[in-house]
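Asks: Shown below is the structure under consideration.
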Amino acid sequence: MTAPRRVALITNAPLAETANGLSSPLSSVRREIILTARALEARGVAVQILSLRAWPQDQVRAIVEKADRVIFGTMFDGADEAAYRDAVRVCGPTRRLLFFIGGRDASLQPFYRDVSLLSHAWLVRSEAARKALEPECDCTVLVAPLPTESERSAPRVPRRGWRSRAGAALAKRAGVGLDPWRVRLLWIGNGTAAHTLKNALDGLRAFALRVPLFLQCLTDAESLVAPEDATSAALRIGVEPGGPQTIAAALPACDAVLLPEAETFIDALNAGRFVIARPPADYEALADFGWVGASPAAGLEWLLRHPELALQRLRRGQGYVAQSHSAATISRFWMRALDFASSQDPAPLVAQARREYEAGRLEQAEQLLGAALELESALPEAQHLLGNVFQDQGKTDRAISCYRRALRHDAQFAAAHNDLGTAYVVKGWYAEAVECYLQAVHLDSSNEPAQANLAQTLLKTGRRREALPYFNAALRLRLRQLLRRTLKISSRRSIP
């Protein structure tokens, strides 16, 4: 048996041990170091996370000497440079070193120029940053996909019906609290980003005279954003420290996310919340899934006037996040960036297997998927499709095993939850099937088969009242699909 590949991940930021393992108050450290480590561990790679503030240099040396690759997180200030230089010296000239490059221009950092020849790759967060840095270095520059920290939830947008407008008007006239009628906004940022929020406050205050707002600010810069607590004020502002647990609780409670950094944009989409953003280059791949412009108040106006369009953007955004920022995508990127992946890409085999499956050639599809999984066993889409092949062949137990493996690699794979539920129904395990369908609907409320399957299974188990909302949801989705198809046909016929 071959020895496991080893990776050391190095940061100079503080780390804390929690009930869920290592954590950090800094979002970039969690995503670059901690979540990267989890992605690699899921692929059988042995990882070790080092905080240079806490580890003596002799222990750093002992761990790095055993590592096949070394990943350095973003530097935050000048104090990090000396520690990183010492760590690079310990690594020696033969190591494969990868460096995350932050928002500051690397050409201004002597450290990065000095280690360019030793670097296997520099890692950045956007295509614009990659293009800007490539002329400055002697190594490959890669765009590293950001992992999500939020739980995937059904998309939701605020809707201001006549009851909300009438309630707010009566509350204003009576001089009582407006909290039940407010649109809840969430801003997450640090001191360097606080000025963008402060510049937007006047516009939000003017907008709040028509639609009362509550702005929750999660930040380490409480002194830069002042709370406004009056319950009768048109704009209320709450300020509290940010952190993983606070953010996880705040995202489901808000109606929209305001002026996020790129990683928060992705988290908001995953959590099913609409984003109103400014137009920096980091949003280049995300702009179509929210509202991007100079005035947050104008974005909020658009959101409240066009809830259905906003919901469509949000659903497309969730699909993009599921494809480009899932745990499976992250682990696949790292295996290739570290040269740990197979030299042959299994994606064409999976695509060909899908075509064979759709044509009803199940044996050929099974053979192609087997070959793809030999190249890369942690492919949730291949495991899921193989489960469908086995299901159609009547091999239910083998299908269940495949669906479970797919979900082990990507727990947010809504279609796999739905199809596992269908396999459970075949086995007569209705309670387990209901749980699978509920999870599929929670992850993707536009999944019409999952809505219909859940309704039918609840009906079979005598839970008629619970089944009705899912029957209605499935019917609405089916009618919407038929309407789109009809409009598409009509538009084609109208062309001379």
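Going through the structure tokens in order, the chains are called A, B, and so on, while each chain numbers its residues from 1 and the ligands are numbered from 1 in the order shown.
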Which residues come within 8 Å of range 349-357 of chain A, counting only C-alpha atoms, excluding same-chain residues fewer than 2 positions away, as a PyMOL selection string?
Replies: chain A and resi 346-347+359-362+364-366+368-369+371-372+382+385+389
Asks: Those residues you just picked out, can you put them in a file as a short mmCIF file (atom, residue, chain, number, x, y, z; two decimals), in the first residue's frame with N, CA and C atoms?
Replies:
```cif
data_model
loop_
_atom_site.label_atom_id
_atom_site.label_comp_id
_atom_site.auth_asym_id
_atom_site.auth_seq_id
_atom_site.Cartn_x
_atom_site.Cartn_y
_atom_site.Cartn_z
N PRO A 346 -11.60 12.37 -15.75
CA PRO A 346 -12.75 11.47 -15.86
C PRO A 346 -14.01 12.15 -16.40
N ALA A 347 -14.03 13.49 -16.50
CA ALA A 347 -15.25 14.20 -16.90
C ALA A 347 -15.78 13.75 -18.26
N ALA A 359 -29.84 7.25 -23.60
CA ALA A 359 -30.24 6.44 -24.75
C ALA A 359 -30.70 5.05 -24.34
N GLY A 360 -30.66 4.74 -23.04
CA GLY A 360 -31.13 3.45 -22.55
C GLY A 360 -30.10 2.34 -22.62
N ARG A 361 -28.85 2.68 -22.93
CA ARG A 361 -27.78 1.67 -23.00
C ARG A 361 -27.10 1.58 -21.64
N LEU A 362 -27.73 0.82 -20.74
CA LEU A 362 -27.31 0.83 -19.33
C LEU A 362 -25.97 0.14 -19.13
N GLN A 364 -23.40 -0.12 -21.18
CA GLN A 364 -22.32 0.76 -21.63
C GLN A 364 -22.10 1.91 -20.64
N ALA A 365 -23.20 2.46 -20.12
CA ALA A 365 -23.08 3.54 -19.13
C ALA A 365 -22.38 3.04 -17.88
N GLU A 366 -22.72 1.83 -17.44
CA GLU A 366 -22.09 1.27 -16.24
C GLU A 366 -20.58 1.10 -16.45
N LEU A 368 -18.57 2.76 -18.52
CA LEU A 368 -17.91 4.06 -18.57
C LEU A 368 -17.79 4.68 -17.18
N LEU A 369 -18.84 4.54 -16.38
CA LEU A 369 -18.79 5.10 -15.02
C LEU A 369 -17.78 4.35 -14.16
N ALA A 371 -15.02 3.06 -15.24
CA ALA A 371 -13.71 3.57 -15.65
C ALA A 371 -13.46 4.96 -15.06
N ALA A 372 -14.49 5.81 -15.04
CA ALA A 372 -14.32 7.15 -14.48
C ALA A 372 -14.01 7.09 -12.99
N ALA A 382 -20.73 11.03 -10.71
CA ALA A 382 -20.57 9.69 -11.28
C ALA A 382 -21.24 8.64 -10.39
N LEU A 385 -25.03 8.98 -10.92
CA LEU A 385 -25.49 8.41 -12.19
C LEU A 385 -25.40 6.89 -12.17
N VAL A 389 -28.29 4.03 -12.85
CA VAL A 389 -28.15 2.85 -13.71
C VAL A 389 -28.59 1.60 -12.95
#
```
Asks: Set out as JSON lines a contact list for range 110-189 of chain A and range 322-325 of chain A with a cut-off of 7 Å, giving each residue of range 110-189 of chain A that qualifies its closest atom pair and distance in Å to one decimal, counting only C-alpha atoms, ordered by chain and rising residue number.
Replies:
```
{"residue": "A:Pro145", "atom": "CA", "partner": "A:His325", "partner_atom": "CA", "distance": 6.1}
{"residue": "A:Leu146", "atom": "CA", "partner": "A:His325", "partner_atom": "CA", "distance": 6.2}
{"residue": "A:Pro147", "atom": "CA", "partner": "A:His325", "partner_atom": "CA", "distance": 5.5}
{"residue": "A:Thr148", "atom": "CA", "partner": "A:His325", "partner_atom": "CA", "distance": 6.6}
```
Asks: I'd like to know which of A:Ala200, A:Ile188, A:Leu468, A:Ala378 is closest to Gly44 in chain A, using only C-alpha atoms.
Replies: A:Ala378
Asks: Report the residues of range 70-118 of chain A whose backbone DSSP state falls under alpha helix (DSSP H), written as a list of chain:residue names.
Replies: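 Selection result, alpha helix (DSSP H) within range 70-118 of chain A: A:Gly78, A:Ala79, A:Asp80, A:Glu81, A:Ala82, A:Ala83, A:Tyr84, A:Arg85, A:Asp86, A:Ala87, A:Val88, A:Arg89, A:Val90, A:Cys91, A:Pro110, A:Phe111, A:Tyr112, A:Arg113, A:Asp114, A:Val115.
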Asks: Have a look at CA of Arg336 in chain A and CA of Glu32 in chain A and let me know their distance in Å, one decimal.
Replies: 16.1 Å
Asks: Can you pull out every residue from range 112-156 of chain A that DSSP, working from the backbone, puts in strand (DSSP E), and format the result as a ChimeraX atom specification?
Replies: /A:119-124,140-143
Asks: Please compute the CA of Ala473 in chain A-CA of Arg315 in chain A distance, one decimal, in Å.
Replies: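 Calculated distance between CA of Ala473 in chain A and CA of Arg315 in chain A is 15.6 Å.
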Asks: Could you build a table of the residues in range 337-394 of chain A lying no more than 12 Å from range 105-127 of chain A, giving for each the nearest pair of atoms and their separation in Å rounded to one decimal place, using only C-alpha atoms, ordered by chain and ascending residue number, as JSON lines?
Replies:
```
{"residue": "A:Ala337", "atom": "CA", "partner": "A:Ala121", "partner_atom": "CA", "distance": 8.0}
{"residue": "A:Leu338", "atom": "CA", "partner": "A:His120", "partner_atom": "CA", "distance": 8.5}
{"residue": "A:Asp339", "atom": "CA", "partner": "A:His120", "partner_atom": "CA", "distance": 10.0}
```
Asks: How about saving the chosen residues, C-alpha atoms kept, as a CSV table (one decimal), in the first residue's frame?
Replies:
```csv
chain,number,residue,atom,x,y,z
A,337,ALA,CA,-3.4,22.1,-8.2
A,338,LEU,CA,-1.2,19.9,-6.0
A,339,ASP,CA,-0.5,17.4,-8.9
```
